Structure formats: C-alpha cells, structure tokens
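Listing of upload03.txt, compact mmCIF, C-alpha atoms
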# COMPACT_ATOMS: atom_id res chain seq x y z
CA MET R 1 -2.83 60.69 50.03
CA SER R 2 -4.70 59.85 53.24
CA SER R 3 -3.79 56.92 55.46
CA LEU R 4 -7.01 55.22 54.38
CA GLN R 5 -6.07 55.51 50.70
CA ILE R 6 -2.59 54.21 51.40
CA GLY R 7 -4.04 51.27 53.31
CA LEU R 8 -6.45 50.45 50.49
CA ALA R 9 -3.63 50.68 47.94
CA VAL R 10 -1.45 48.31 49.96
CA ALA R 11 -4.34 45.88 50.43
CA GLY R 12 -5.11 46.03 46.74
CA GLY R 13 -1.50 45.28 45.92
CA VAL R 14 -1.51 42.28 48.20
CA VAL R 15 -4.70 40.93 46.64
CA LEU R 16 -3.32 41.50 43.12
CA ALA R 17 -0.10 39.69 44.02
CA ALA R 18 -2.11 36.81 45.43
CA VAL R 19 -4.21 36.58 42.27
CA VAL R 20 -1.09 36.61 40.08
CA ALA R 21 0.59 33.98 42.24
CA HIS R 22 -2.51 31.78 42.19
CA GLY R 23 -2.71 32.13 38.41
CA ALA R 24 0.92 31.14 38.01
CA TRP R 25 0.48 28.17 40.36
CA THR R 26 -2.64 27.02 38.48
CA SER R 27 -0.83 27.40 35.16
CA ARG R 28 2.08 25.27 36.39
CA LYS R 29 -0.34 22.72 37.81
CA ASN R 30 -2.14 22.33 34.46
CA GLN R 31 1.03 22.35 32.35
CA PRO R 32 1.92 19.00 30.73
CA ARG R 33 4.39 17.04 32.85
CA GLN R 34 7.97 17.60 31.75
CA PRO R 35 10.97 15.23 31.74
CA VAL R 36 13.11 15.40 34.87
CA GLN R 37 16.69 16.47 34.22
CA ASP R 38 19.13 13.70 35.08
CA PRO R 39 22.85 13.95 34.20
CA ARG R 40 22.74 10.35 33.01
CA ASP R 41 19.94 11.23 30.59
CA SER R 42 21.33 14.55 29.38
CA SER R 43 21.91 13.34 25.84
CA LEU R 44 18.35 12.06 25.63
CA LEU R 45 16.66 15.11 27.12
CA SER R 46 18.64 17.62 25.10
CA SER R 47 17.06 16.20 21.97
CA ALA R 48 13.65 15.27 23.36
CA GLY R 49 11.77 17.15 20.66
CA PRO R 50 13.70 16.41 17.46
CA ALA R 51 14.45 12.85 18.59
CA LEU R 52 10.85 11.92 18.04
CA GLU R 53 11.31 12.81 14.39
CA SER R 54 14.39 10.65 13.88
CA THR R 55 14.34 7.36 12.03
CA GLU R 56 14.13 3.87 13.40
CA PRO R 57 17.51 2.14 13.95
CA SER R 58 19.65 2.66 10.86
CA LEU R 59 23.20 2.33 9.60
CA ASP R 60 23.89 5.82 10.93
CA ASP R 61 23.02 4.77 14.50
CA ALA R 62 26.03 3.31 16.29
CA ARG R 63 23.77 1.16 18.45
CA PHE R 64 22.40 -0.75 15.46
CA THR R 65 23.86 -2.26 12.32
CA LEU R 66 21.09 -3.25 9.95
CA PRO R 67 21.85 -4.81 6.60
CA VAL R 68 21.44 -2.44 3.66
CA VAL R 69 19.07 -4.86 1.91
CA LEU R 70 16.97 -7.54 3.57
CA ARG R 71 16.46 -10.44 1.18
CA LYS R 72 12.78 -11.17 0.63
CA PRO R 73 11.58 -14.68 1.50
CA ALA R 74 11.79 -17.16 -1.38
CA LEU R 75 8.67 -18.26 -3.19
CA ASP R 76 6.92 -21.02 -1.28
CA PRO R 77 4.01 -23.18 -2.51
CA LEU R 78 2.47 -22.89 0.95
CA ILE R 79 1.68 -19.22 0.39
CA ASP R 80 2.30 -18.57 -3.32
CA ALA R 81 0.74 -19.58 -6.62
CA ILE R 82 3.83 -20.50 -8.66
CA ALA R 83 4.30 -20.74 -12.42
CA THR R 84 7.34 -22.45 -13.97
CA VAL R 85 9.12 -20.64 -16.81
CA SER R 86 11.17 -23.03 -18.98
CA LEU R 87 13.78 -21.64 -21.30
CA ASP R 88 13.29 -22.18 -25.01
CA GLY R 89 16.03 -22.43 -27.64
CA SER R 90 19.46 -23.98 -27.84
CA ALA R 91 21.26 -21.69 -25.39
CA GLY R 92 19.34 -22.87 -22.32
CA VAL R 93 20.64 -20.03 -20.13
CA VAL R 94 19.78 -16.37 -19.62
CA SER R 95 22.06 -13.73 -18.17
CA GLY R 96 21.06 -11.88 -15.05
CA GLU R 97 21.14 -8.61 -16.97
CA ALA R 98 18.68 -9.92 -19.58
CA ALA R 99 16.36 -11.29 -16.92
CA MET R 100 16.42 -8.01 -14.97
CA ALA R 101 15.62 -6.05 -18.13
CA ALA R 102 12.57 -8.28 -18.70
CA LEU R 103 11.12 -7.82 -15.20
CA PRO R 104 7.80 -5.95 -14.95
CA THR R 105 7.92 -2.37 -13.70
CA THR R 106 5.84 -3.21 -10.62
CA ARG R 107 6.21 -6.13 -8.23
CA ARG R 108 2.52 -6.33 -7.33
CA VAL R 109 -0.54 -8.00 -8.78
CA GLY R 110 -3.54 -6.11 -7.46
CA THR R 111 -2.98 -6.09 -3.70
CA LYS R 112 -0.60 -9.08 -3.70
CA PRO R 113 3.20 -9.26 -4.03
CA PHE R 114 4.53 -10.65 -7.32
CA ALA R 115 8.04 -12.14 -7.60
CA VAL R 116 10.40 -13.65 -10.18
CA GLU R 117 13.19 -16.06 -9.27
CA GLY R 118 15.89 -17.66 -11.39
CA PHE R 119 17.77 -20.94 -10.88
CA ASN R 120 21.41 -19.88 -10.59
CA GLN R 121 23.53 -22.12 -12.82
CA ALA R 122 26.58 -21.77 -10.56
CA SER R 123 25.07 -22.05 -7.08
CA ASN R 124 22.08 -24.27 -7.97
CA GLN R 125 19.87 -21.99 -5.86
CA TRP R 126 16.69 -20.06 -6.60
CA GLU R 127 17.18 -16.32 -6.23
CA PRO R 128 15.96 -12.97 -7.60
CA PRO R 129 17.82 -12.25 -10.89
CA GLN R 130 21.16 -10.55 -10.32
CA ALA R 131 23.67 -8.97 -12.66
CA GLY R 132 26.68 -11.12 -13.47
CA GLN R 133 24.83 -14.40 -12.96
CA ARG R 134 23.43 -16.97 -15.40
CA TYR R 135 20.13 -18.77 -15.01
CA SER R 136 18.91 -22.06 -16.46
CA ALA R 137 15.24 -21.75 -15.40
CA PHE R 138 12.81 -19.29 -13.85
CA GLN R 139 9.65 -19.27 -11.78
CA THR R 140 7.16 -16.55 -10.97
CA GLY R 141 4.80 -16.35 -8.03
CA VAL R 142 1.96 -14.33 -6.59
CA GLN R 143 0.99 -14.43 -2.92
CA LEU R 144 -2.29 -16.22 -2.26
CA ALA R 145 -3.46 -14.09 0.66
CA ASN R 146 -2.52 -11.22 2.95
CA ARG R 147 -4.40 -8.72 5.10
CA SER R 148 -5.96 -7.28 1.95
CA GLY R 149 -7.79 -10.57 1.38
CA ALA R 150 -7.56 -13.62 -0.86
CA LEU R 151 -6.19 -13.75 -4.40
CA ASN R 152 -9.15 -13.45 -6.78
CA GLU R 153 -9.73 -14.37 -10.43
CA ILE R 154 -8.87 -10.90 -11.72
CA GLU R 155 -5.56 -10.86 -9.82
CA PHE R 156 -4.70 -14.37 -11.01
CA SER R 157 -5.36 -13.27 -14.61
CA GLU R 158 -3.03 -10.30 -14.11
CA PHE R 159 -0.44 -12.71 -12.73
CA VAL R 160 -0.72 -14.78 -15.93
CA VAL R 161 -0.33 -11.67 -18.11
CA LYS R 162 2.78 -10.47 -16.23
CA THR R 163 4.37 -13.90 -16.28
CA GLN R 164 3.68 -14.34 -19.99
CA ALA R 165 5.24 -10.95 -20.78
CA PHE R 166 8.38 -11.87 -18.81
CA ALA R 167 8.58 -15.26 -20.53
CA ASP R 168 8.20 -13.72 -23.99
CA ALA R 169 11.00 -11.25 -23.27
CA ILE R 170 13.50 -14.05 -22.48
CA ALA R 171 12.21 -16.53 -25.09
CA ALA R 172 10.77 -18.88 -22.47
CA VAL R 173 7.57 -20.89 -22.04
CA PRO R 174 5.44 -20.51 -18.87
CA GLU R 175 3.30 -23.23 -17.35
CA PHE R 176 0.48 -22.27 -14.99
CA THR R 177 -1.54 -24.12 -12.39
CA GLU R 178 -5.33 -24.06 -12.63
CA MET R 179 -6.86 -20.74 -11.65
CA VAL R 180 -9.85 -22.40 -9.96
CA ASP R 181 -7.57 -24.46 -7.73
CA GLU R 182 -5.37 -21.51 -6.76
CA VAL R 183 -8.31 -19.22 -6.00
CA ALA R 184 -9.78 -21.96 -3.80
CA ARG R 185 -6.45 -22.33 -1.98
CA ALA R 186 -6.32 -18.57 -1.56
CA LYS R 187 -9.77 -18.46 0.03
CA GLU R 188 -8.91 -21.26 2.46
CA LEU R 189 -5.65 -19.56 3.46
CA ASP R 190 -7.38 -16.20 3.84
CA GLN R 191 -10.02 -17.76 6.09
CA PHE R 192 -7.34 -19.33 8.27
CA ALA R 193 -5.42 -16.05 8.46
CA SER R 194 -8.54 -14.03 9.32
CA VAL R 195 -9.35 -16.29 12.27
CA HIS R 196 -5.77 -16.36 13.57
CA ASP R 197 -4.67 -12.76 12.96
CA ALA R 198 -4.10 -11.09 16.34
CA GLN R 199 -3.21 -7.42 16.75
CA LEU R 200 -3.31 -6.31 20.38
CA MET R 201 -3.55 -2.75 21.65
CA PHE R 202 -3.46 -1.27 25.15
CA SER R 203 -4.31 2.37 25.86
CA LEU R 204 -2.53 4.33 28.57
CA ARG R 205 -4.51 7.38 29.72
CA ALA R 206 -3.33 10.17 32.01
CA ARG R 207 -5.21 10.17 35.32
CA ASN R 208 -4.81 13.89 36.00
CA VAL R 209 -2.06 16.03 34.45
CA ALA R 210 -1.27 15.55 30.74
CA TRP R 211 2.22 14.58 29.53
CA SER R 212 4.65 16.40 27.26
CA PRO R 213 6.38 14.47 24.41
CA GLY R 214 9.69 14.72 26.28
CA PHE R 215 8.13 13.24 29.41
CA VAL R 216 6.77 10.31 27.41
CA GLN R 217 10.05 9.73 25.62
CA GLN R 218 12.07 9.82 28.82
CA HIS R 219 10.05 7.10 30.51
CA ALA R 220 9.64 4.97 27.38
CA ALA R 221 13.39 5.08 26.68
CA LYS R 222 14.10 3.62 30.12
CA LEU R 223 11.99 0.59 29.11
CA GLY R 224 13.89 -0.09 25.88
CA PHE R 225 12.02 2.07 23.37
CA VAL R 226 13.86 4.02 20.68
CA PRO R 227 12.54 6.78 18.40
CA GLY R 228 10.57 5.49 15.42
CA VAL R 229 10.58 6.61 11.83
CA MET R 230 7.42 8.72 12.26
CA PRO R 231 6.76 11.54 14.75
CA GLY R 232 4.91 10.23 17.77
CA ARG R 233 6.18 6.69 17.31
CA MET R 234 8.65 4.71 19.43
CA VAL R 235 9.58 1.03 19.10
CA VAL R 236 11.21 -1.82 20.99
CA PRO R 237 13.55 -3.38 18.39
CA ALA R 238 13.63 -7.14 17.85
CA SER R 239 16.65 -9.01 19.18
CA GLN R 240 17.57 -9.91 15.57
CA GLU R 241 18.45 -6.93 13.41
CA GLY R 242 16.19 -6.09 10.51
CA LEU R 243 13.03 -7.74 11.85
CA PRO R 244 9.79 -5.90 12.75
CA PRO R 245 9.74 -4.26 16.20
CA VAL R 246 8.53 -6.24 19.19
CA LEU R 247 6.32 -3.39 20.46
CA VAL R 248 5.18 -0.03 19.12
CA LEU R 249 4.25 3.00 21.24
CA GLU R 250 2.29 5.77 19.54
CA PHE R 251 0.76 9.11 20.42
CA ASP R 252 -0.64 12.10 18.54
CA SER R 253 1.85 13.04 15.81
CA GLN R 254 0.66 16.66 15.97
CA ALA R 255 1.84 16.85 19.56
CA ALA R 256 5.25 15.53 18.50
CA LEU R 257 5.48 18.20 15.77
CA ALA R 258 4.31 21.14 17.89
CA GLU R 259 6.57 24.21 17.91
CA ASP R 260 6.49 24.43 21.71
CA MET R 261 7.12 20.86 22.86
CA GLU R 262 6.80 21.79 26.54
CA GLN R 263 3.25 23.05 26.05
CA SER R 264 2.24 20.15 23.80
CA ALA R 265 -0.20 18.04 25.83
CA ILE R 266 -0.64 14.27 25.49
CA ARG R 267 -3.38 12.50 27.40
CA GLU R 268 -3.31 9.07 25.78
CA LEU R 269 -0.75 6.58 24.42
CA ALA R 270 -1.35 3.44 22.36
CA LEU R 271 0.81 0.34 22.86
CA HIS R 272 0.67 -2.15 19.97
CA LEU R 273 1.69 -5.79 19.46
CA ASP R 274 1.33 -7.37 16.01
CA VAL R 275 1.40 -11.03 17.09
CA GLY R 276 2.07 -12.64 13.69
CA GLN R 277 5.05 -10.37 13.02
CA VAL R 278 6.97 -11.12 16.24
CA ASP R 279 8.77 -14.32 17.23
CA ARG R 280 7.24 -16.17 20.16
CA ALA R 281 10.69 -16.39 21.76
CA GLU R 282 10.70 -12.60 22.21
CA GLN R 283 7.94 -13.04 24.83
CA PRO R 284 6.21 -9.99 23.37
CA PHE R 285 2.95 -10.14 25.35
CA GLU R 286 4.75 -10.53 28.67
CA ARG R 287 6.90 -7.52 27.78
CA MET R 288 3.82 -5.59 26.64
CA CYS R 289 2.18 -6.12 30.03
CA GLU R 290 5.36 -5.17 31.91
CA VAL R 291 5.77 -2.00 29.86
CA ALA R 292 2.13 -0.97 30.29
CA ILE R 293 2.22 -1.47 34.06
CA ALA R 294 5.58 0.30 34.45
CA LEU R 295 4.49 3.30 32.38
CA SER R 296 1.19 3.59 34.24
CA GLN R 297 3.00 3.64 37.58
CA LYS R 298 5.74 6.08 36.58
CA MET R 299 3.52 8.42 34.56
CA ASP R 300 0.38 8.30 36.74
CA GLY R 301 -1.81 6.69 34.10
CA VAL R 302 -4.40 3.94 33.78
CA VAL R 303 -4.17 1.00 31.35
CA THR R 304 -7.31 0.12 29.36
CA ASP R 305 -8.26 -1.94 26.32
CA ASP R 306 -9.18 -0.25 23.05
CA ASN R 307 -12.77 0.14 24.33
CA GLY R 308 -11.71 2.10 27.40
CA ARG R 309 -12.21 -0.73 29.92
CA ALA R 310 -9.58 -1.00 32.65
CA LEU R 311 -7.48 -4.15 32.25
CA THR R 312 -7.44 -6.55 35.19
CA GLN R 313 -4.90 -9.27 35.91
CA GLU R 314 -7.59 -11.84 35.17
CA THR R 315 -8.09 -10.38 31.69
CA LEU R 316 -4.35 -10.36 31.02
CA ASN R 317 -4.04 -13.99 32.12
CA ARG R 318 -6.85 -15.00 29.79
CA ILE R 319 -5.23 -13.20 26.84
CA ALA R 320 -1.89 -14.86 27.63
CA ALA R 321 -3.51 -18.32 27.61
CA ASP R 322 -5.29 -17.62 24.33
CA LEU R 323 -2.02 -16.48 22.78
CA GLN R 324 -0.28 -19.73 23.69
CA THR R 325 -3.00 -21.64 21.85
CA LEU R 326 -2.70 -19.30 18.88
CA TYR R 327 1.09 -19.71 18.72
CA SER R 328 0.74 -23.51 18.69
CA THR R 329 -1.90 -23.41 15.95
CA LEU R 330 0.26 -21.17 13.74
CA GLU R 331 3.25 -23.45 14.22
CA MET R 332 1.20 -26.50 13.22
CA ARG R 333 0.38 -24.78 9.90
CA ASP R 334 4.05 -23.77 9.35
CA PHE R 335 3.21 -20.11 9.95
CA ALA R 336 5.02 -19.70 13.26
CA ALA R 337 4.73 -16.13 14.56
CA GLY R 338 7.66 -14.03 13.40
CA SER R 339 8.70 -16.49 10.68
CA ALA R 340 9.22 -15.30 7.09
CA LEU R 341 5.96 -16.92 5.96
CA ALA R 342 3.95 -15.48 8.87
CA ARG R 343 5.33 -11.99 8.26
CA ARG R 344 4.22 -12.25 4.63
CA LEU R 345 0.77 -13.66 5.44
CA PHE R 346 0.02 -11.14 8.19
CA SER R 347 1.02 -8.05 6.22

Now that the file is in, can you turn its structure into structure tokens?
Amino acid sequence: MSSLQIGLAVAGGVVLAAVVAHGAWTSRKNQPRQPVQDPRDSSLLSSAGPALESTEPSLDDARFTLPVVLRKPALDPLIDAIATVSLDGSAGVVSGEAAMAALPTTRRVGTKPFAVEGFNQASNQWEPPQAGQRYSAFQTGVQLANRSGALNEIEFSEFVVKTQAFADAIAAVPEFTEMVDEVARAKELDQFASVHDAQLMFSLRARNVAWSPGFVQQHAAKLGFVPGVMPGRMVVPASQEGLPPVLVLEFDSQAALAEDMEQSAIRELALHLDVGQVDRAEQPFERMCEVAIALSQKMDGVVTDDNGRALTQETLNRIAADLQTLYSTLEMRDFAAGSALARRLFS
C-alpha cells in the first residue's frame, strides 16, 4: 500500500470516528432527561418505572394508614330527595340482616346515588343497615344533582320504584315528596353547581429536551407527590387520610408503561386542582402555583393554561382572588369546598 493510500485510510478513519462521535453526542443530546442518581433518593430511583404503576396510599404503605371503609355521608335534605319508610305491623322493628337482604342490587338511580338508612334502635342514629342491629324506621334518598346533571322525572320515578320494592320486602309503607317539587329543587341546585364548579389545570411543557418518567417522578416526589393508582398519575395526598388528593399530576400513560423507560419521552405534564373536592384550609391553589413554578425551574419547562397561553403573575393573582369569592359563596350555601356535601355535589 502506497503512502498516499495509507494517508487516505487514516484520514477516512478519523472522519468516520468523528461522524460516529457526533452521532453519539446528538443521540445523547436528544435523549429524554434522566433522573440524577442521589444516594438519598436511591430507593425512589431504583423503582422509578414500576413505581408509577403502584397504587395510591394504601394500608400496605407504611407512610399512610387509610381506613378500610370510608363511611358515606348521611342523607341530607339539602342535596337529597328523601322518602320516609314507616314500619307496618305489630313488631315495629326490622333486623339489620332483613333490611340488608331487601336492599336493591344497585345503589344508583340513573346517574345519581341512591341510599337507604335505618334508625338504629340502640344508638338512636341513622345509618346504613348493618348486621346485628335492629331498626325502628327507614328512609331512602336519591341525590338531586351531581356533575351528570339534575335529577329528572324518569330518575325520580325509578327512585319511587326502588323505594317501594324495599318497603314491600320489609312490610313497610313509604311516603314520598312531590316529584314536581323535587325536580324543581334539582334544577336549581344543578344550576348553582354548574356556575360554581371550578376545575383548574396548568400545563407544563418542556422547553427543549423531553423528560423520562423517572425524571418527572424524581422532581415531583421532592414536592410531595406520591405514585397514583394509574400509570402516569401522581398525587399530593390531603392532610386528612381518606380524602381526595389536593393536587394531581398526570402525563401520557403510554410513556409510563413503555418497556424502555429511559427512552420514553414526555414533553407535557398536566397539573389538576378540583376545587370543590379540596378543603380551603389546604391552600390548594397556592400550592398548585408553587409546584408549577418549582417544576418549571427544575425541569426547564414553561407553565401555560389549558389553551397554551403562558401564565403570568397577574393572571395567577386574578385566579386567586376569584377563588376566594367562590369559597365564600360555597360556604354560604353550606357546600364548603372539601366538605362531605361539596364532594358529593361536585362528583
């Protein structure tokens, strides 16, 4: 081989090496950002992928101790159409077992929750029928409105049919309010709820390089988020166990389920606040703003509204002021945000 050929071969090798190196550098540059290994976060990072598939705080999580069963709010005339069910016959009491056997197979009337409560002879309290207890009276109820709309005539008729069947099974006599009145109440409540139902969402978009699921989880965990029940979902738990989360962070579930988590690219996150579900004392909007700003700074992202417009401090201040007015209005109607009645209405 001549010196010229050798020189060309060497030059070609150098050029090839440069091309390969540039390709590798470009590949690394475009790769989704990965979590940074930190000894203090080793337990988190070692399970960055599967952790996104774990459940929300449960009895198996040492950090949380949720009750096995959360008692549903009692029937309330403010939000329910209620029928009284008076016992017939000389006995005047019904066992919990008999009442439970007479319950309908479903606890819904159309799109509305349906409930049966008995007056416990021993405790003198209204409660869902329980085995081993005796009841001297019953009442049934159907919710007047929720996010599916107002109770209508067809649903009220179904409520009557279900209540009558329960009453017949325990030899009792039901007494109903007027359908016209209850449907009118339902429409008024639905109108109020529609005007005062606030669900806020911020978007966090990557400025340049996309994020990996582990990168998102690492930064969100430092701000109080824990893995949610669904892939691509993380939540900030409420201070009181068993209540809805204060904030929800979501991204593409397909990215969270990808076989190669390091190559799974995320370019946008959604941060949610369901105002009616969260107690005002949790300061949820203030925390939402803090989280959005912190994530944008640490992850090199930009915060926008759901229409893609960048959020300014002036906009945030206006939303905060509007929320204070909303909170006060809900409290005046006995539907304080985060209360049992508000959680039922805004569901």

Closest pair table for segment 168-241 of chain R residues within 9 Å of segment 284-294 of chain R, all atoms listed in the file, as a Markdown table:
| residue | atom | partner | partner_atom | distance |
| --- | --- | --- | --- | --- |
| R:Leu200 | CA | R:Phe285 | CA | 8.9 |
| R:Phe202 | CA | R:Ala292 | CA | 7.6 |
| R:Ser203 | CA | R:Ala292 | CA | 8.5 |
| R:Leu204 | CA | R:Ala292 | CA | 7.3 |
| R:Ala220 | CA | R:Val291 | CA | 8.3 |
| R:Leu223 | CA | R:Val291 | CA | 6.8 |

Find, counting all atoms listed in the file, the residue in R:Val142, R:Arg205, R:Lys187, R:Ala270 that gets nearest to Ile82 of chain R.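 For Ile82 of chain R, the nearest of the given residues is R:Val142.
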
Atomic distance atom CA of Arg343 of chain R - atom CA of Asp80 of chain R, expressed in Å with one decimal: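 So the two atoms, atom CA of Arg343 of chain R and atom CA of Asp80 of chain R, lie 13.7 Å apart.
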
What is the atom CA of His219 of chain R to atom CA of Gln324 of chain R distance in Å? 29.5 Å

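Picture a line from atom CA of Arg309 of chain R to atom CA of Phe225 of chain R; it runs 25.3 Å.
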
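Among the candidates R:Gly276, R:Asp88, R:Arg147, R:Gln139, the one nearest to Glu331 of chain R when counting all atoms listed in the file is R:Gly276.
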
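Of the listed residues R:Leu249, R:Asn317, R:Pro113, R:Lys298, the one whose atoms come nearest to Arg344 of chain R is R:Pro113, with distances taken using only C-alpha atoms.
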
Excluding Ala221 of chain R and residues on its chain fewer than 2 positions from it, collect all residues at most 10 Å away from it, counting all atoms listed in the file, and give them as a short mmCIF file (atom, residue, chain, number, x, y, z; two decimals) with C-alpha atoms, in the coordinates of the input.
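Saved as result-v9.cif:
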data_model
loop_
_atom_site.label_atom_id
_atom_site.label_comp_id
_atom_site.auth_asym_id
_atom_site.auth_seq_id
_atom_site.Cartn_x
_atom_site.Cartn_y
_atom_site.Cartn_z
CA ASP R 41 19.94 11.23 30.59
CA LEU R 44 18.35 12.06 25.63
CA VAL R 216 6.77 10.31 27.41
CA GLN R 217 10.05 9.73 25.62
CA GLN R 218 12.07 9.82 28.82
CA HIS R 219 10.05 7.10 30.51
CA LEU R 223 11.99 0.59 29.11
CA GLY R 224 13.89 -0.09 25.88
CA PHE R 225 12.02 2.07 23.37
CA VAL R 226 13.86 4.02 20.68
CA PRO R 227 12.54 6.78 18.40
CA MET R 234 8.65 4.71 19.43
CA VAL R 235 9.58 1.03 19.10
CA VAL R 236 11.21 -1.82 20.99
#

Residue among R:Ala255, R:Ala320, R:Leu189, R:Ala198 lying closest to Asp274 of chain R, counting only C-alpha atoms: R:Ala198

Quick one: everything within 8 Å of segment 175-184 of chain R, counting all atoms listed in the file, minus sequence neighbours fewer than 5 positions away in the same chain. Send it as number ranges by chain. R: 81-85, 144, 150-153, 156, 160

R:Val248, R:Leu295, R:Pro129, R:Ile319: which is nearest Lys222 of chain R, counting only C-alpha atoms?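 Using only C-alpha atoms, the shortest distance to Lys222 of chain R belongs to R:Leu295.
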
Render segment 302-345 of chain R from the structure in the preceding block as a file of C-alpha atoms, as a JSON list (two decimals), in the first residue's frame.
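What landed in result_13.json:
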[["chain", "number", "residue", "atom", "x", "y", "z"],
["R", 302, "VAL", "CA", -42.85, 26.57, 30.75],
["R", 303, "VAL", "CA", -46.20, 26.81, 32.57],
["R", 304, "THR", "CA", -49.30, 27.53, 30.47],
["R", 305, "ASP", "CA", -53.07, 27.35, 30.81],
["R", 306, "ASP", "CA", -55.06, 24.64, 29.05],
["R", 307, "ASN", "CA", -55.11, 26.80, 25.89],
["R", 308, "GLY", "CA", -51.33, 27.02, 25.69],
["R", 309, "ARG", "CA", -51.02, 30.62, 26.92],
["R", 310, "ALA", "CA", -48.12, 31.33, 29.28],
["R", 311, "LEU", "CA", -49.34, 32.14, 32.79],
["R", 312, "THR", "CA", -48.30, 35.48, 34.23],
["R", 313, "GLN", "CA", -48.28, 36.53, 37.87],
["R", 314, "GLU", "CA", -51.13, 38.90, 37.11],
["R", 315, "THR", "CA", -53.25, 36.02, 35.83],
["R", 316, "LEU", "CA", -52.46, 33.90, 38.88],
["R", 317, "ASN", "CA", -53.39, 36.76, 41.21],
["R", 318, "ARG", "CA", -56.72, 37.20, 39.44],
["R", 319, "ILE", "CA", -57.50, 33.48, 39.71],
["R", 320, "ALA", "CA", -56.59, 33.53, 43.41],
["R", 321, "ALA", "CA", -58.98, 36.44, 44.05],
["R", 322, "ASP", "CA", -61.79, 34.73, 42.14],
["R", 323, "LEU", "CA", -61.26, 31.57, 44.16],
["R", 324, "GLN", "CA", -61.64, 33.42, 47.45],
["R", 325, "THR", "CA", -65.01, 34.71, 46.27],
["R", 326, "LEU", "CA", -66.00, 31.22, 45.16],
["R", 327, "TYR", "CA", -65.02, 29.68, 48.50],
["R", 328, "SER", "CA", -67.15, 32.23, 50.37],
["R", 329, "THR", "CA", -70.15, 31.63, 48.11],
["R", 330, "LEU", "CA", -69.95, 27.85, 48.59],
["R", 331, "GLU", "CA", -69.72, 28.26, 52.35],
["R", 332, "MET", "CA", -72.81, 30.49, 52.38],
["R", 333, "ARG", "CA", -74.77, 27.68, 50.69],
["R", 334, "ASP", "CA", -73.40, 25.04, 53.12],
["R", 335, "PHE", "CA", -71.31, 23.48, 50.36],
["R", 336, "ALA", "CA", -67.89, 24.48, 51.66],
["R", 337, "ALA", "CA", -65.12, 23.15, 49.41],
["R", 338, "GLY", "CA", -63.90, 19.78, 50.61],
["R", 339, "SER", "CA", -66.94, 19.16, 52.83],
["R", 340, "ALA", "CA", -68.93, 15.92, 52.54],
["R", 341, "LEU", "CA", -71.79, 17.70, 50.75],
["R", 342, "ALA", "CA", -69.47, 19.51, 48.33],
["R", 343, "ARG", "CA", -67.65, 16.30, 47.47],
["R", 344, "ARG", "CA", -70.99, 14.68, 46.66],
["R", 345, "LEU", "CA", -72.30, 17.63, 44.63]]
